[in-house]
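A.B. asks: File name data_26.cif; file contents mmCIF, C-alpha atoms; full text below.
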```cif
data_final
loop_
_atom_site.group_PDB
_atom_site.id
_atom_site.type_symbol
_atom_site.label_atom_id
_atom_site.label_comp_id
_atom_site.auth_asym_id
_atom_site.auth_seq_id
_atom_site.Cartn_x
_atom_site.Cartn_y
_atom_site.Cartn_z
ATOM 1 C CA MET A 1 -80.281 -47.334 66.865
ATOM 2 C CA SER A 2 -77.372 -45.400 65.376
ATOM 3 C CA ARG A 3 -74.351 -47.024 63.945
ATOM 4 C CA THR A 4 -71.146 -45.609 65.236
ATOM 5 C CA GLN A 5 -67.687 -46.215 63.730
ATOM 6 C CA PRO A 6 -65.346 -47.722 66.295
ATOM 7 C CA SER A 7 -62.817 -45.217 67.488
ATOM 8 C CA ALA A 8 -59.234 -45.715 66.342
ATOM 9 C CA PRO A 9 -56.684 -46.584 68.922
ATOM 10 C CA ARG A 10 -54.892 -43.591 70.476
ATOM 11 C CA SER A 11 -51.520 -44.636 69.086
ATOM 12 C CA ALA A 12 -52.660 -44.609 65.430
ATOM 13 C CA PRO A 13 -52.147 -40.902 64.818
ATOM 14 C CA ARG A 14 -48.593 -41.069 66.095
ATOM 15 C CA ARG A 15 -47.782 -43.939 63.781
ATOM 16 C CA GLY A 16 -49.326 -42.038 60.869
ATOM 17 C CA LEU A 17 -47.229 -38.954 61.709
ATOM 18 C CA ALA A 18 -44.071 -40.988 61.810
ATOM 19 C CA THR A 19 -44.975 -42.625 58.536
ATOM 20 C CA VAL A 20 -45.658 -39.282 56.839
ATOM 21 C CA SER A 21 -42.351 -37.862 58.137
ATOM 22 C CA VAL A 22 -40.426 -40.756 56.682
ATOM 23 C CA GLY A 23 -42.319 -40.375 53.393
ATOM 24 C CA VAL A 24 -41.488 -36.685 53.156
ATOM 25 C CA LEU A 25 -37.823 -37.456 53.775
ATOM 26 C CA VAL A 26 -37.863 -40.123 51.052
ATOM 27 C CA ALA A 27 -39.510 -37.722 48.626
ATOM 28 C CA LEU A 28 -37.006 -34.961 49.370
ATOM 29 C CA LEU A 29 -34.072 -37.305 48.837
ATOM 30 C CA ALA A 30 -35.654 -38.637 45.668
ATOM 31 C CA ASN A 31 -36.047 -35.105 44.336
ATOM 32 C CA ALA A 32 -32.454 -34.303 45.228
ATOM 33 C CA TRP A 33 -31.126 -37.419 43.440
ATOM 34 C CA ALA A 34 -33.556 -37.350 40.522
ATOM 35 C CA PRO A 35 -31.873 -36.823 37.114
ATOM 36 C CA ALA A 36 -32.145 -33.288 35.791
ATOM 37 C CA GLY A 37 -35.145 -32.805 33.557
ATOM 38 C CA GLY A 38 -36.924 -35.884 34.964
ATOM 39 C CA ALA A 39 -40.254 -35.803 36.814
ATOM 40 C CA ALA A 40 -39.884 -35.339 40.552
ATOM 41 C CA ALA A 41 -41.904 -37.641 42.804
ATOM 42 C CA ALA A 42 -44.925 -35.895 44.287
ATOM 43 C CA VAL A 43 -45.289 -35.768 47.995
ATOM 44 C CA PRO A 44 -48.780 -37.069 48.886
ATOM 45 C CA THR A 45 -50.872 -35.008 51.223
ATOM 46 C CA GLY A 46 -52.806 -37.865 52.604
ATOM 47 C CA GLY A 47 -53.012 -41.596 52.698
ATOM 48 C CA ALA A 48 -50.405 -44.140 53.515
ATOM 49 C CA VAL A 49 -46.857 -43.765 52.278
ATOM 50 C CA ALA A 50 -44.544 -46.702 51.761
ATOM 51 C CA THR A 51 -42.069 -46.985 54.536
ATOM 52 C CA ALA A 52 -39.390 -48.950 52.739
ATOM 53 C CA PRO A 53 -36.019 -48.347 54.313
ATOM 54 C CA VAL A 54 -34.088 -45.479 52.739
ATOM 55 C CA PRO A 55 -30.407 -46.172 52.073
ATOM 56 C CA ALA A 56 -28.011 -43.709 53.577
ATOM 57 C CA PRO A 57 -26.275 -41.574 50.941
ATOM 58 C CA THR A 58 -22.698 -42.511 50.269
ATOM 59 C CA ALA A 59 -19.780 -40.767 48.559
ATOM 60 C CA THR A 60 -20.253 -43.015 45.539
ATOM 61 C CA LEU A 61 -23.835 -41.929 45.083
ATOM 62 C CA LEU A 62 -23.006 -38.269 45.475
ATOM 63 C CA THR A 63 -20.150 -38.288 43.004
ATOM 64 C CA SER A 64 -22.113 -40.194 40.390
ATOM 65 C CA LEU A 65 -24.951 -37.711 40.227
ATOM 66 C CA PRO A 66 -25.496 -36.357 36.713
ATOM 67 C CA SER A 67 -24.643 -32.710 36.203
ATOM 68 C CA ALA A 68 -27.289 -30.254 35.169
ATOM 69 C CA PRO A 69 -27.285 -29.401 31.435
ATOM 70 C CA SER A 70 -25.844 -26.064 30.399
ATOM 71 C CA THR A 71 -28.401 -23.421 29.456
ATOM 72 C CA GLY A 72 -25.866 -21.185 27.693
ATOM 73 C CA ALA A 73 -26.355 -18.374 30.187
ATOM 74 C CA PRO A 74 -23.310 -17.165 32.158
ATOM 75 C CA SER A 75 -23.217 -18.073 35.788
ATOM 76 C CA PRO A 76 -24.293 -15.132 37.918
ATOM 77 C CA ALA A 77 -21.889 -16.147 40.625
ATOM 78 C CA GLY A 78 -18.647 -15.808 38.664
ATOM 79 C CA PRO A 79 -17.117 -13.359 36.138
ATOM 80 C CA GLY A 80 -17.336 -13.957 32.382
ATOM 81 C CA PRO A 81 -14.415 -15.144 30.256
ATOM 82 C CA SER A 82 -11.496 -12.719 30.235
ATOM 83 C CA ALA A 83 -10.657 -10.933 26.959
ATOM 84 C CA ALA A 84 -7.562 -12.033 25.022
ATOM 85 C CA PRO A 85 -4.560 -9.792 25.661
ATOM 86 C CA PRO A 86 -3.891 -7.279 22.846
ATOM 87 C CA THR A 87 -1.292 -8.236 20.249
ATOM 88 C CA PRO A 88 1.865 -6.223 20.886
ATOM 89 C CA GLN A 89 2.654 -3.838 18.029
ATOM 90 C CA PRO A 90 6.186 -3.853 16.604
ATOM 91 C CA PRO A 91 8.166 -0.701 17.251
ATOM 92 C CA PRO A 92 8.264 1.781 14.349
ATOM 93 C CA VAL A 93 11.119 1.285 11.909
ATOM 94 C CA ASP A 94 13.562 4.163 11.591
ATOM 95 C CA PRO A 95 14.053 4.682 7.817
ATOM 96 C CA LEU A 96 17.446 6.249 8.531
ATOM 97 C CA ALA A 97 18.690 3.434 10.779
ATOM 98 C CA GLY A 98 21.207 2.147 8.241
ATOM 99 C CA LEU A 99 23.089 5.436 7.993
ATOM 100 C CA GLY A 100 26.065 6.600 9.987
ATOM 101 C CA LYS A 101 25.482 8.966 12.858
ATOM 102 C CA LYS A 102 26.572 12.097 11.015
ATOM 103 C CA GLU A 103 24.695 11.292 7.810
ATOM 104 C CA ARG A 104 21.579 10.258 9.722
ATOM 105 C CA ALA A 105 21.532 13.593 11.505
ATOM 106 C CA ALA A 106 21.908 15.439 8.177
ATOM 107 C CA PHE A 107 18.997 13.570 6.574
ATOM 108 C CA ARG A 108 16.828 13.943 9.653
ATOM 109 C CA ARG A 109 17.174 17.737 9.444
ATOM 110 C CA CYS A 110 16.069 17.703 5.783
ATOM 111 C CA LEU A 111 13.166 15.229 5.856
ATOM 112 C CA SER A 112 10.674 18.031 6.382
ATOM 113 C CA VAL A 113 12.445 20.520 4.085
ATOM 114 C CA ALA A 114 11.279 21.035 0.483
ATOM 115 C CA VAL A 115 14.244 21.801 -1.784
ATOM 116 C CA GLY A 116 13.340 23.118 -5.240
ATOM 117 C CA PRO A 117 14.190 25.904 -7.680
ATOM 118 C CA GLY A 118 16.285 28.590 -6.019
ATOM 119 C CA SER A 119 16.652 26.732 -2.707
ATOM 120 C CA GLY A 120 19.942 27.007 -0.869
ATOM 121 C CA GLY A 121 21.653 25.882 2.293
ATOM 122 C CA PRO A 122 22.772 22.581 3.860
ATOM 123 C CA CYS A 123 19.809 20.563 2.526
ATOM 124 C CA ALA A 124 20.396 21.782 -1.033
ATOM 125 C CA ALA A 125 24.056 20.808 -0.696
ATOM 126 C CA LEU A 126 23.100 17.352 0.648
ATOM 127 C CA LEU A 127 20.697 16.880 -2.259
ATOM 128 C CA GLN A 128 23.327 17.776 -4.838
ATOM 129 C CA LYS A 129 25.872 15.491 -3.173
ATOM 130 C CA LYS A 130 23.513 12.502 -3.201
ATOM 131 C CA LEU A 131 22.436 13.105 -6.801
ATOM 132 C CA LYS A 132 26.109 13.309 -7.756
ATOM 133 C CA GLN A 133 26.683 9.862 -6.208
ATOM 134 C CA VAL A 134 24.076 8.334 -8.543
ATOM 135 C CA HIS A 135 25.544 10.150 -11.610
ATOM 136 C CA LEU A 136 22.630 12.528 -12.113
ATOM 137 C CA HIS A 137 24.371 15.723 -10.945
ATOM 138 C CA PRO A 138 27.820 15.818 -12.583
ATOM 139 C CA TRP A 139 28.303 19.478 -11.682
ATOM 140 C CA ALA A 140 29.854 21.055 -8.594
ATOM 141 C CA VAL A 141 28.089 20.921 -5.232
ATOM 142 C CA THR A 142 27.280 24.574 -4.593
ATOM 143 C CA GLY A 143 24.440 24.411 -2.102
ATOM 144 C CA ARG A 144 22.246 26.450 -4.473
ATOM 145 C CA MET A 145 19.608 24.783 -6.702
ATOM 146 C CA THR A 146 20.070 25.931 -10.289
ATOM 147 C CA VAL A 147 18.179 24.849 -13.428
ATOM 148 C CA ALA A 148 20.538 21.905 -13.803
ATOM 149 C CA GLY A 149 19.955 20.809 -10.211
ATOM 150 C CA VAL A 150 16.158 20.908 -10.551
ATOM 151 C CA ASN A 151 16.309 18.859 -13.740
ATOM 152 C CA ALA A 152 18.567 16.382 -11.959
ATOM 153 C CA VAL A 153 15.887 15.994 -9.269
ATOM 154 C CA LEU A 154 13.270 15.404 -11.988
ATOM 155 C CA ASN A 155 15.395 12.741 -13.630
ATOM 156 C CA TYR A 156 16.019 11.055 -10.276
ATOM 157 C CA GLN A 157 12.322 11.010 -9.406
ATOM 158 C CA ARG A 158 11.391 9.497 -12.781
ATOM 159 C CA SER A 159 14.064 6.826 -12.500
ATOM 160 C CA ARG A 160 12.853 5.768 -9.031
ATOM 161 C CA GLY A 161 9.136 5.793 -9.806
ATOM 162 C CA LEU A 162 8.431 8.911 -7.736
ATOM 163 C CA LYS A 163 6.126 11.730 -8.709
ATOM 164 C CA PRO A 164 8.258 14.022 -10.918
ATOM 165 C CA THR A 165 7.890 17.484 -9.427
ATOM 166 C CA GLY A 166 11.463 18.768 -9.423
ATOM 167 C CA VAL A 167 11.149 19.449 -5.695
ATOM 168 C CA ALA A 168 12.759 17.141 -3.136
ATOM 169 C CA THR A 169 10.348 16.337 -0.313
ATOM 170 C CA ARG A 170 10.139 13.456 2.172
ATOM 171 C CA ALA A 171 9.656 10.668 -0.422
ATOM 172 C CA THR A 172 12.716 11.810 -2.393
ATOM 173 C CA TRP A 173 14.805 12.222 0.764
ATOM 174 C CA LEU A 174 13.940 8.705 1.954
ATOM 175 C CA ALA A 175 14.757 7.189 -1.442
ATOM 176 C CA LEU A 176 18.144 8.925 -1.429
ATOM 177 C CA ALA A 177 18.815 7.854 2.162
ATOM 178 C CA ALA A 178 17.962 4.241 1.345
ATOM 179 C CA ARG A 179 20.098 4.344 -1.811
ATOM 180 C CA ALA A 180 17.082 3.147 -3.792
ATOM 181 C CA PRO A 181 18.212 1.678 -7.131
ATOM 182 C CA ALA A 182 16.785 2.805 -10.442
ATOM 183 C CA LEU A 183 13.799 0.773 -11.587
ATOM 184 C CA PRO A 184 14.592 -1.919 -14.166
ATOM 185 C CA VAL A 185 13.874 -1.333 -17.830
ATOM 186 C CA GLU A 186 10.539 -3.000 -18.499
ATOM 187 C CA LEU A 187 8.790 -2.175 -21.751
ATOM 188 C CA PRO A 188 4.967 -2.206 -21.590
ATOM 189 C CA LYS A 189 2.853 -4.419 -23.821
ATOM 190 C CA LYS A 190 1.872 -1.450 -25.967
ATOM 191 C CA CYS A 191 5.484 -1.325 -27.147
ATOM 192 C CA LEU A 192 5.632 -5.032 -27.991
ATOM 193 C CA THR A 193 3.003 -5.171 -30.750
ATOM 194 C CA LYS A 194 3.396 -5.815 -34.474
ATOM 195 C CA GLY A 195 4.675 -3.107 -36.716
ATOM 196 C CA ILE A 196 6.879 -0.112 -35.923
ATOM 197 C CA VAL A 197 6.555 1.520 -32.502
ATOM 198 C CA ILE A 198 8.553 4.389 -31.015
ATOM 199 C CA CYS A 199 8.692 3.575 -27.294
ATOM 200 C CA VAL A 200 9.969 6.335 -24.970
ATOM 201 C CA ASP A 201 10.960 5.465 -21.385
ATOM 202 C CA GLN A 202 11.097 8.687 -19.340
ATOM 203 C CA GLY A 203 12.592 6.931 -16.309
ATOM 204 C CA HIS A 204 15.686 5.813 -18.198
ATOM 205 C CA ARG A 205 15.722 8.655 -20.788
ATOM 206 C CA ARG A 206 15.752 6.232 -23.686
ATOM 207 C CA LEU A 207 13.922 5.942 -26.998
ATOM 208 C CA PHE A 208 13.472 2.391 -28.277
ATOM 209 C CA TRP A 209 12.732 2.152 -32.003
ATOM 210 C CA MET A 210 10.954 -1.183 -32.309
ATOM 211 C CA ARG A 211 9.670 -3.458 -35.003
ATOM 212 C CA ASP A 212 7.353 -6.394 -34.257
ATOM 213 C CA GLY A 213 8.135 -6.294 -30.543
ATOM 214 C CA LYS A 214 11.927 -6.239 -30.933
ATOM 215 C CA VAL A 215 14.275 -3.326 -30.217
ATOM 216 C CA VAL A 216 16.040 -2.240 -33.397
ATOM 217 C CA ARG A 217 17.708 0.954 -32.133
ATOM 218 C CA THR A 218 18.178 2.552 -28.696
ATOM 219 C CA VAL A 219 18.723 6.309 -28.479
ATOM 220 C CA LYS A 220 19.454 8.621 -25.535
ATOM 221 C CA VAL A 221 16.845 11.359 -25.243
ATOM 222 C CA ARG A 222 16.070 14.421 -23.128
ATOM 223 C CA LEU A 223 12.523 15.107 -22.037
ATOM 224 C CA GLY A 224 10.380 17.885 -20.622
ATOM 225 C CA GLY A 225 11.572 19.542 -17.432
ATOM 226 C CA TYR A 226 12.334 22.808 -15.677
ATOM 227 C CA ASN A 227 12.491 25.495 -18.332
ATOM 228 C CA ALA A 228 11.527 29.066 -19.125
ATOM 229 C CA HIS A 229 8.444 29.821 -21.148
ATOM 230 C CA PRO A 230 9.665 30.989 -24.583
ATOM 231 C CA LYS A 231 7.368 34.032 -24.581
ATOM 232 C CA THR A 232 6.794 35.062 -20.977
ATOM 233 C CA GLY A 233 10.113 33.928 -19.543
ATOM 234 C CA THR A 234 8.309 32.288 -16.600
ATOM 235 C CA TRP A 235 10.126 29.248 -15.230
ATOM 236 C CA ARG A 236 8.175 26.076 -14.518
ATOM 237 C CA VAL A 237 8.145 22.352 -15.252
ATOM 238 C CA PHE A 238 7.045 21.524 -18.812
ATOM 239 C CA PRO A 239 6.241 17.791 -18.741
ATOM 240 C CA THR A 240 6.333 15.290 -21.565
ATOM 241 C CA ALA A 241 2.886 13.693 -21.545
ATOM 242 C CA ASN A 242 2.560 9.927 -21.143
ATOM 243 C CA GLY A 243 0.245 8.156 -23.577
ATOM 244 C CA THR A 244 -0.057 6.627 -27.020
ATOM 245 C CA TRP A 245 -0.301 8.675 -30.242
ATOM 246 C CA ARG A 246 0.298 8.403 -33.984
ATOM 247 C CA VAL A 247 2.822 10.192 -36.158
ATOM 248 C CA TYR A 248 0.817 12.614 -38.309
ATOM 249 C CA ASP A 249 3.632 14.475 -40.121
ATOM 250 C CA LYS A 250 7.404 14.752 -40.641
ATOM 251 C CA GLN A 251 9.377 17.897 -41.481
ATOM 252 C CA VAL A 252 13.094 18.476 -41.871
ATOM 253 C CA ASP A 253 12.953 22.054 -40.551
ATOM 254 C CA PRO A 254 9.507 22.989 -39.265
ATOM 255 C CA LYS A 255 8.661 26.590 -38.517
ATOM 256 C CA SER A 256 7.901 27.500 -34.922
ATOM 257 C CA GLU A 257 6.343 30.605 -33.452
ATOM 258 C CA ASN A 258 7.953 29.956 -30.092
ATOM 259 C CA TYR A 259 11.435 28.737 -30.999
ATOM 260 C CA GLY A 260 12.106 30.022 -34.488
ATOM 261 C CA SER A 261 13.602 28.298 -37.486
ATOM 262 C CA GLY A 262 16.201 25.573 -37.016
ATOM 263 C CA ALA A 263 15.209 24.760 -33.437
ATOM 264 C CA MET A 264 13.656 21.360 -34.226
ATOM 265 C CA PRO A 265 15.432 19.720 -37.170
ATOM 266 C CA TYR A 266 14.198 16.358 -38.420
ATOM 267 C CA SER A 267 10.934 16.457 -36.529
ATOM 268 C CA VAL A 268 8.790 13.344 -36.340
ATOM 269 C CA MET A 269 5.490 14.927 -35.286
ATOM 270 C CA PHE A 270 2.939 13.366 -32.979
ATOM 271 C CA TYR A 271 0.475 14.951 -30.594
ATOM 272 C CA PRO A 272 0.291 18.743 -30.990
ATOM 273 C CA ASP A 273 3.495 20.381 -29.754
ATOM 274 C CA MET A 274 5.284 17.083 -29.010
ATOM 275 C CA TYR A 275 7.870 15.934 -31.533
ATOM 276 C CA VAL A 276 10.871 13.632 -31.702
ATOM 277 C CA HIS A 277 13.604 15.870 -33.102
ATOM 278 C CA TYR A 278 17.275 16.714 -33.036
ATOM 279 C CA SER A 279 18.168 19.276 -30.327
ATOM 280 C CA PRO A 280 21.282 21.447 -30.650
ATOM 281 C CA GLY A 281 20.804 22.421 -26.997
ATOM 282 C CA PHE A 282 20.796 18.808 -25.837
ATOM 283 C CA HIS A 283 23.873 18.180 -27.929
ATOM 284 C CA SER A 284 25.735 21.095 -26.287
ATOM 285 C CA VAL A 285 24.677 21.083 -22.596
ATOM 286 C CA GLY A 286 23.232 17.599 -22.114
ATOM 287 C CA TYR A 287 20.901 17.083 -19.166
ATOM 288 C CA ALA A 288 21.653 20.456 -17.576
ATOM 289 C CA GLY A 289 18.648 21.677 -19.553
ATOM 290 C CA SER A 290 15.403 20.131 -20.705
ATOM 291 C CA SER A 291 12.825 20.320 -23.460
ATOM 292 C CA HIS A 292 9.432 22.000 -23.272
ATOM 293 C CA GLY A 293 7.754 18.617 -23.738
ATOM 294 C CA CYS A 294 9.337 17.280 -26.916
ATOM 295 C CA VAL A 295 11.575 14.222 -27.117
ATOM 296 C CA ASN A 296 15.047 15.695 -27.739
ATOM 297 C CA VAL A 297 17.674 13.654 -29.563
ATOM 298 C CA GLY A 298 21.257 14.806 -29.013
ATOM 299 C CA SER A 299 22.823 12.835 -31.841
ATOM 300 C CA LEU A 300 22.178 14.223 -35.304
ATOM 301 C CA SER A 301 22.827 10.860 -36.962
ATOM 302 C CA ASP A 302 20.278 9.182 -34.683
ATOM 303 C CA ALA A 303 17.709 11.917 -35.374
ATOM 304 C CA ILE A 304 18.154 11.501 -39.141
ATOM 305 C CA TRP A 305 17.891 7.706 -38.890
ATOM 306 C CA ILE A 306 14.622 7.929 -36.880
ATOM 307 C CA PHE A 307 13.263 10.500 -39.343
ATOM 308 C CA ARG A 308 13.966 8.325 -42.390
ATOM 309 C CA HIS A 309 12.730 5.011 -40.943
ATOM 310 C CA THR A 310 9.549 6.164 -39.228
ATOM 311 C CA PRO A 311 6.501 6.246 -41.529
ATOM 312 C CA ILE A 312 3.413 8.398 -41.052
ATOM 313 C CA GLY A 313 0.926 6.581 -38.801
ATOM 314 C CA THR A 314 3.599 5.008 -36.565
ATOM 315 C CA ARG A 315 2.534 4.586 -32.958
ATOM 316 C CA VAL A 316 4.417 6.545 -30.316
ATOM 317 C CA HIS A 317 4.088 5.296 -26.733
ATOM 318 C CA ILE A 318 5.559 7.361 -23.877
ATOM 319 C CA PHE A 319 5.586 6.108 -20.286
ATOM 320 C CA THR A 320 7.161 6.698 -16.896
ATOM 321 C CA PRO A 321 7.865 3.586 -14.779
ATOM 322 C CA ARG A 322 6.135 3.320 -11.396
ATOM 323 C CA ALA A 323 7.568 1.884 -8.217
#
```
Render the structure in this file as structure tokens.
C.D. replies:
Amino acid sequence: MSRTQPSAPRSAPRRGLATVSVGVLVALLANAWAPAGGAAAAVPTGGAVATAPVPAPTATLLTSLPSAPSTGAPSPAGPGPSAAPPTPQPPPVDPLAGLGKKERAAFRRCLSVAVGPGSGGPCAALLQKKLKQVHLHPWAVTGRMTVAGVNAVLNYQRSRGLKPTGVATRATWLALAARAPALPVELPKKCLTKGIVICVDQGHRRLFWMRDGKVVRTVKVRLGGYNAHPKTGTWRVFPTANGTWRVYDKQVDPKSENYGSGAMPYSVMFYPDMYVHYSPGFHSVGYAGSSHGCVNVGSLSDAIWIFRHTPIGTRVHIFTPRA
């Protein structure tokens, strides 16, 4: 006799289907409301599912849901952060803005013009006029650059910390247009040491005879500049070299192959071919001329005083101030 399980009532499957449907709904809602990162409730595939009543979602529940943590990746749905707007650049400054209309136009025409030995025309005349205003060109404004005019440019460039070339280019024009003042007298440390030092400032054309860091005597001097070669007659700039040297000899009237006897009285000799000495030419024409590199003294009494008080071995420091 076989044992047969009693058949389930016909309505049981329907109740089971309804129960499973409610369970799936509960699981879906639970997954939707589960906190991010938490374990979602698994939906069973068989067996009975609890049929506890499910509360209807309310606005309070929806608004209190925790937000998903940021992963650091940009959202694909929206654009990335916009770039900061560029910083506006200030307009360029016109270096001639402070001049009157007529003078500004004159300088603007000459900014790109190089005025040097032998130059002529309106820019040469403007250069002479401006150098005259700062007491470096005491001669007439002719519109033609002579030896005196070129040496005036050299002296202006040294006094303003510009490269001393004797040719006026943009940097010199802008300094003249801006009425740049001469640099202040500022003696370097090499001039302020113990003992006797001859300190030569090319920017201010002064020799400072110093002892133990204090100025004992100040003398006007003329330095290297635009001059003719004594043998070839070729004109060029003969500079006075900056640096520190020692006096190696002194002669009242040294012989010279280039300049002859009597050209360099009371020479205090340092560095080959560079001496501190009295200059008859400096005494007669002043800064219209220049030396070939020596330190010219225009006062005979000053030259004699330096000669007598400067011992062999004295340091000589020559410098040009820089802007």
A.B. asks: Report as a list in words all protein, DNA and RNA residues lying within 9 Å of A:Pro321, evaluated on all atoms listed in the file, omitting residues in the same chain fewer than 6 positions from it.
C.D. replies: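 These residues fall inside the cut-off: Arg158, Ser159, Arg160, Gly161, Leu162, Leu183, Pro184, Val185, Glu186, Asp201, Gln202, Gly203 and His204 of chain A.
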A.B. asks: Write out as number ranges by chain each polymer residue whose atoms come within 6 Å of stretch 114-127 of chain A, counting all atoms listed in the file; drop sequence neighbours fewer than 6 positions from it.
C.D. replies: A: 143-145, 167-169
A.B. asks: Please evaluate the PyMOL selection byres ((chain A and resi 306-315) around 8) against the displayed coordinates and give the resulting residues as a list in words.
C.D. replies: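 After applying the PyMOL selection byres ((chain A and resi 306-315) around 8), what remains is Ile196, Val197, Ile198, Trp209, Thr244, Trp245, Arg246, Val247, Tyr248, Asp249, Lys250, Tyr266, Ser267, Val268, Asp302, Ala303, Ile304, Trp305, Val316 and His317 of chain A.
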A.B. asks: To one decimal place, how far is atom CA of A:Lys132 from atom CA of A:Lys163 in Å?
C.D. replies: 20.1 Å
A.B. asks: Any idea what the distance is between atom CA of A:Tyr259 and atom CA of A:Ser299?
C.D. replies: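 Separation of atom CA of A:Tyr259 and atom CA of A:Ser299: 19.6 Å.
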